[in-house]
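Okay, so here's the structure we're looking at.
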Amino acid sequence: MSLISKPTASPNRIEMLVDFLKINNNKYTKKDLELMFSPDSGGVFKEVYSVVEMLDLLVIKEDVVYHNIENKKNKSKEIIKRALFNVENTTNYNFNISLAWLLVQNQNELINFKDNVGNRFLRDLTDQISDTEFSNNARFQHFIYWCEYLGFVNKISISGETYICPDPTHAIKNELELNFKKEERFSVKDFFMKLSKSLPVLEYGIIREKVNGILRDGLSLPNGTLSYSTSLAITRLQQQKIIALESKSDAEVITLLDGVNNKRISHIKYLG
């Protein structure tokens with residue numbers, strides 16, 4: 001089970017606890033922390049505590065809680081993101097698979113924020129995933145809050161209804177600022193190979209490759225084609241002049257999907 005099944009462990013609550021653990025050197029027990037952060041809210045904090053422990057950001061020794069954060073200078077959001085996308089920590093697997101699934105959705109098959117997507121999730125993955133944590137709408141909405149927090153989703157309003165728009169623009173932009181050098185130029189494949197090391201739910205990432213291999217007909221895309229959500233992000237980053245797109249005739253190309261005029265590109269340059 002992942003954080004999807006812990007609906008009271010909202011991103012802001014997780015970040016609050018990580019902030020506290022980073023700067024506080026006093027010794028607290030698990031009960032001390034629960035009383036400090038939610039003295040009147042019953043078991044709410046227990047799920048928060050459970051998720052931070054599940055992300056391997058704290059350890060307990062002789063009933064005392066210690067942080068397990070390697071670089072405390074990093075922003076707490078970045079620490080949480082790195083922990084979530086650590087593929088060696090299998091407790092994050094369900095969340096990562098679910099996010100990769102969301103990112104490959106066809107833009108013409110909108111998901112309502114009120115939907116219960118459990119059956120759709122299992123159908124899309126051709127029954128090779130036998131279980132889902134999307135057992136009710138509350139869990140799905142909690143999952144979407146996390147996707148928004150991490151920069152992979154927008155919500156849009158149409159005729160009074162709220163729909164989910166998979167869009168990793170902010171997640172990719174943040175990663176470029178952290179780990180890419182200004183004026184660096186890559187082939188598209190090399191660009192995503194580097195990007196997917198820290199965001200494995202994107203193209204060429206280990207999680208995305210797993211999901212691509214079990215998608216139903218209608219969702220799977222030809223080799224050399226970026227998903228609608230990634231295509232949207234790359235187009236928006238180009239419009240914001242954060243990246244430049246090139247298409248060289250003598251280089252391997254990858255297709256961006258926009259539903260109308262698909263574009264073929266060979267290189268991406270980070271403009272900073």
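Just so we're on the same page: first chain in the structure tokens is A, next is B, and so on; residues restart at 1 for each chain, and ligands are numbered from 1 in the order they show up.
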ask   = What's the 12 Å shell around Lys248 of chain A, counting only C-alpha atoms, without same-chain residues fewer than 6 positions away, as a ChimeraX atom specification?
value = /A:187-188,254,264-268
Those in segment 20-213 of chain A with strand (DSSP E) from DSSP, as a ChimeraX atom specification = /A:28-29,58-61,64-67,111-112,153-158,161-166,185-187
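Atom pair atom CA of Ile97 of chain A / atom CA of Gly218 of chain A has a distance of 18.4 Å (rounded to one decimal).
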ask   = So, counting only C-alpha atoms, which residue among A:Ile129, A:Leu21, A:Ile80, A:Ile14 is closest to Val48 of chain A?
value =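 Using only C-alpha atoms, Val48 of chain A sits closest to A:Ile14.
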message = Can you pull out every residue from segment 36-87 of chain A that DSSP, working from the backbone, puts in alpha helix (DSSP H), and format the result as a PyMOL selection string?
response = chain A and resi 36-37+44-54+76-84
Near-Asn174 of chain A list (12 Å; only C-alpha atoms; drop same-chain fewer than 6 positions) as a PDB file with N, CA and C atoms, in the first residue's frame:
ATOM      1  N   LYS A  77      10.052  20.008  -0.213  1.00  0.00           N
ATOM      2  CA  LYS A  77       9.309  19.464  -1.359  1.00  0.00           C
ATOM      3  C   LYS A  77      10.216  18.625  -2.241  1.00  0.00           C
ATOM      4  N   GLU A  78      11.439  19.087  -2.431  1.00  0.00           N
ATOM      5  CA  GLU A  78      12.391  18.341  -3.252  1.00  0.00           C
ATOM      6  C   GLU A  78      12.793  17.036  -2.563  1.00  0.00           C
ATOM      7  N   LYS A  81       9.891  14.629  -3.001  1.00  0.00           N
ATOM      8  CA  LYS A  81       9.818  14.149  -4.392  1.00  0.00           C
ATOM      9  C   LYS A  81      10.872  13.088  -4.650  1.00  0.00           C
ATOM     10  N   LEU A 150       3.183  17.749  -6.915  1.00  0.00           N
ATOM     11  CA  LEU A 150       4.434  17.372  -7.563  1.00  0.00           C
ATOM     12  C   LEU A 150       4.596  17.994  -8.950  1.00  0.00           C
ATOM     13  N   GLY A 151       3.546  18.650  -9.452  1.00  0.00           N
ATOM     14  CA  GLY A 151       3.644  19.365 -10.727  1.00  0.00           C
ATOM     15  C   GLY A 151       3.316  18.547 -11.959  1.00  0.00           C
ATOM     16  N   PHE A 152       2.454  17.524 -11.818  1.00  0.00           N
ATOM     17  CA  PHE A 152       2.130  16.651 -12.936  1.00  0.00           C
ATOM     18  C   PHE A 152       0.704  16.781 -13.447  1.00  0.00           C
ATOM     19  N   PRO A 168       2.816  17.492 -17.063  1.00  0.00           N
ATOM     20  CA  PRO A 168       4.028  17.536 -16.238  1.00  0.00           C
ATOM     21  C   PRO A 168       4.906  18.764 -16.469  1.00  0.00           C
ATOM     22  N   PHE A 180      19.951  20.645 -14.952  1.00  0.00           N
ATOM     23  CA  PHE A 180      20.427  20.898 -16.308  1.00  0.00           C
ATOM     24  C   PHE A 180      21.193  22.219 -16.343  1.00  0.00           C
ATOM     25  N   LEU A 195      16.374  13.126 -17.859  1.00  0.00           N
ATOM     26  CA  LEU A 195      15.230  13.589 -17.077  1.00  0.00           C
ATOM     27  C   LEU A 195      14.587  12.445 -16.290  1.00  0.00           C
ATOM     28  N   SER A 198      15.502  11.023 -12.567  1.00  0.00           N
ATOM     29  CA  SER A 198      14.892  11.567 -11.352  1.00  0.00           C
ATOM     30  C   SER A 198      13.372  11.578 -11.424  1.00  0.00           C
ATOM     31  N   LEU A 199      12.829  11.477 -12.651  1.00  0.00           N
ATOM     32  CA  LEU A 199      11.369  11.409 -12.819  1.00  0.00           C
ATOM     33  C   LEU A 199      11.048  10.145 -13.624  1.00  0.00           C
ATOM     34  N   LEU A 237       6.823  24.571 -22.506  1.00  0.00           N
ATOM     35  CA  LEU A 237       8.161  25.030 -22.127  1.00  0.00           C
ATOM     36  C   LEU A 237       8.841  25.752 -23.284  1.00  0.00           C
ATOM     37  N   ILE A 242      11.859  28.445 -22.304  1.00  0.00           N
ATOM     38  CA  ILE A 242      12.715  27.718 -21.371  1.00  0.00           C
ATOM     39  C   ILE A 242      13.542  26.677 -22.119  1.00  0.00           C
ATOM     40  N   GLY A 272      17.470  27.944 -20.052  1.00  0.00           N
ATOM     41  CA  GLY A 272      17.632  28.485 -18.712  1.00  0.00           C
ATOM     42  C   GLY A 272      16.559  29.488 -18.342  1.00  0.00           C
TER      43      GLY A 272
END
task = For segment 111-123 of chain A, list every protein, DNA or RNA residue within 7 Å, evaluated using only C-alpha atoms, and leave out those in the same chain fewer than 5 positions away; present the list as a list of chain:residue names.
result =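 Counting only C-alpha atoms, the residues come to A:Ile129, A:Ser130, A:Thr132, A:Phe134, A:Ser135, A:Asn136, A:Asn137, A:Phe140, A:Gln141, A:Thr162, A:Tyr163, A:Ile164.
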Taking all heavy atoms for each residue, export the selection above as a short mmCIF file (atom, residue, chain, number, x, y, z; two decimals), in the first residue's frame.
data_model
loop_
_atom_site.label_atom_id
_atom_site.label_comp_id
_atom_site.auth_asym_id
_atom_site.auth_seq_id
_atom_site.Cartn_x
_atom_site.Cartn_y
_atom_site.Cartn_z
N ILE A 129 -2.04 -5.75 -14.01
CA ILE A 129 -2.02 -5.25 -12.63
C ILE A 129 -3.30 -5.73 -12.00
O ILE A 129 -4.40 -5.37 -12.44
CB ILE A 129 -1.95 -3.71 -12.60
CG1 ILE A 129 -0.67 -3.20 -13.27
CG2 ILE A 129 -2.04 -3.20 -11.17
CD1 ILE A 129 0.61 -3.52 -12.53
N SER A 130 -3.21 -6.56 -11.00
CA SER A 130 -4.40 -7.25 -10.48
C SER A 130 -5.12 -6.50 -9.38
O SER A 130 -6.21 -6.88 -8.98
CB SER A 130 -4.00 -8.64 -9.96
OG SER A 130 -3.04 -8.51 -8.92
N THR A 132 -5.71 -2.44 -7.27
CA THR A 132 -5.57 -0.99 -7.31
C THR A 132 -5.94 -0.42 -5.96
O THR A 132 -6.77 -0.98 -5.24
CB THR A 132 -6.46 -0.37 -8.40
OG1 THR A 132 -6.38 1.06 -8.31
CG2 THR A 132 -7.92 -0.77 -8.22
N PHE A 134 -7.26 2.51 -5.89
CA PHE A 134 -8.37 3.40 -6.20
C PHE A 134 -9.69 2.70 -5.92
O PHE A 134 -10.51 2.47 -6.82
CB PHE A 134 -8.31 3.84 -7.67
CG PHE A 134 -7.10 4.65 -8.02
CD1 PHE A 134 -6.39 4.39 -9.18
CD2 PHE A 134 -6.67 5.68 -7.19
CE1 PHE A 134 -5.28 5.15 -9.52
CE2 PHE A 134 -5.54 6.42 -7.51
CZ PHE A 134 -4.85 6.16 -8.68
N SER A 135 -9.92 2.36 -4.67
CA SER A 135 -11.13 1.63 -4.30
C SER A 135 -12.32 2.56 -4.11
O SER A 135 -13.46 2.10 -4.05
CB SER A 135 -10.89 0.83 -3.01
OG SER A 135 -10.46 1.69 -1.97
N ASN A 136 -12.07 3.85 -4.03
CA ASN A 136 -13.17 4.81 -3.93
C ASN A 136 -12.70 6.16 -4.45
O ASN A 136 -11.51 6.39 -4.69
CB ASN A 136 -13.68 4.93 -2.49
CG ASN A 136 -12.58 5.28 -1.51
OD1 ASN A 136 -11.87 6.28 -1.67
ND2 ASN A 136 -12.39 4.44 -0.49
N ASN A 137 -13.64 7.08 -4.64
CA ASN A 137 -13.33 8.39 -5.21
C ASN A 137 -12.43 9.21 -4.29
O ASN A 137 -11.59 9.97 -4.76
CB ASN A 137 -14.62 9.15 -5.50
CG ASN A 137 -14.39 10.57 -5.94
OD1 ASN A 137 -14.61 11.50 -5.17
ND2 ASN A 137 -13.91 10.75 -7.16
N PHE A 140 -8.86 8.49 -5.00
CA PHE A 140 -8.43 9.06 -6.27
C PHE A 140 -8.19 10.56 -6.14
O PHE A 140 -7.18 11.09 -6.64
CB PHE A 140 -9.47 8.79 -7.35
CG PHE A 140 -9.16 9.44 -8.67
CD1 PHE A 140 -8.02 9.09 -9.38
CD2 PHE A 140 -9.98 10.42 -9.19
CE1 PHE A 140 -7.72 9.70 -10.60
CE2 PHE A 140 -9.69 11.04 -10.40
CZ PHE A 140 -8.55 10.68 -11.11
N GLN A 141 -9.08 11.25 -5.46
CA GLN A 141 -8.91 12.69 -5.28
C GLN A 141 -7.66 13.00 -4.46
O GLN A 141 -6.93 13.96 -4.75
CB GLN A 141 -10.15 13.29 -4.63
CG GLN A 141 -11.36 13.27 -5.54
CD GLN A 141 -12.57 13.96 -4.94
OE1 GLN A 141 -12.59 14.30 -3.76
NE2 GLN A 141 -13.59 14.18 -5.76
N THR A 162 -15.35 19.44 -12.96
CA THR A 162 -13.91 19.51 -12.86
C THR A 162 -13.28 18.26 -13.46
O THR A 162 -13.65 17.14 -13.09
CB THR A 162 -13.46 19.66 -11.39
OG1 THR A 162 -14.02 20.85 -10.85
CG2 THR A 162 -11.94 19.73 -11.29
N TYR A 163 -12.34 18.47 -14.38
CA TYR A 163 -11.68 17.35 -15.06
C TYR A 163 -10.18 17.41 -14.81
O TYR A 163 -9.61 18.47 -14.51
CB TYR A 163 -11.96 17.38 -16.56
CG TYR A 163 -13.41 17.13 -16.90
CD1 TYR A 163 -14.31 18.19 -17.02
CD2 TYR A 163 -13.89 15.84 -17.09
CE1 TYR A 163 -15.65 17.96 -17.32
CE2 TYR A 163 -15.22 15.60 -17.38
CZ TYR A 163 -16.09 16.66 -17.50
OH TYR A 163 -17.42 16.44 -17.79
N ILE A 164 -9.54 16.25 -14.95
CA ILE A 164 -8.12 16.12 -14.71
C ILE A 164 -7.37 16.27 -16.03
O ILE A 164 -7.68 15.60 -17.02
CB ILE A 164 -7.79 14.74 -14.10
CG1 ILE A 164 -8.63 14.51 -12.83
CG2 ILE A 164 -6.31 14.63 -13.79
CD1 ILE A 164 -8.55 15.61 -11.81
#
Find the residues of segment 93-184 of chain A that sit at most 7 Å from segment 201-204 of chain A; for each, write down the nearest two atoms and how far apart they are in Å, to one decimal. Count only C-alpha atoms. Sort by chain, then by number going up, and give it as a tab-separated table.
residue	atom	partner	partner_atom	distance
A:Asn96	CA	A:Val201	CA	6.5
A:Leu99	CA	A:Val201	CA	6.8
A:Ala100	CA	A:Val201	CA	4.8
note = Counting only C-alpha atoms, the residue among A:Ala9, A:Met1, A:Val153, A:Val65 that lies closest to Thr91 of chain A is A:Met1
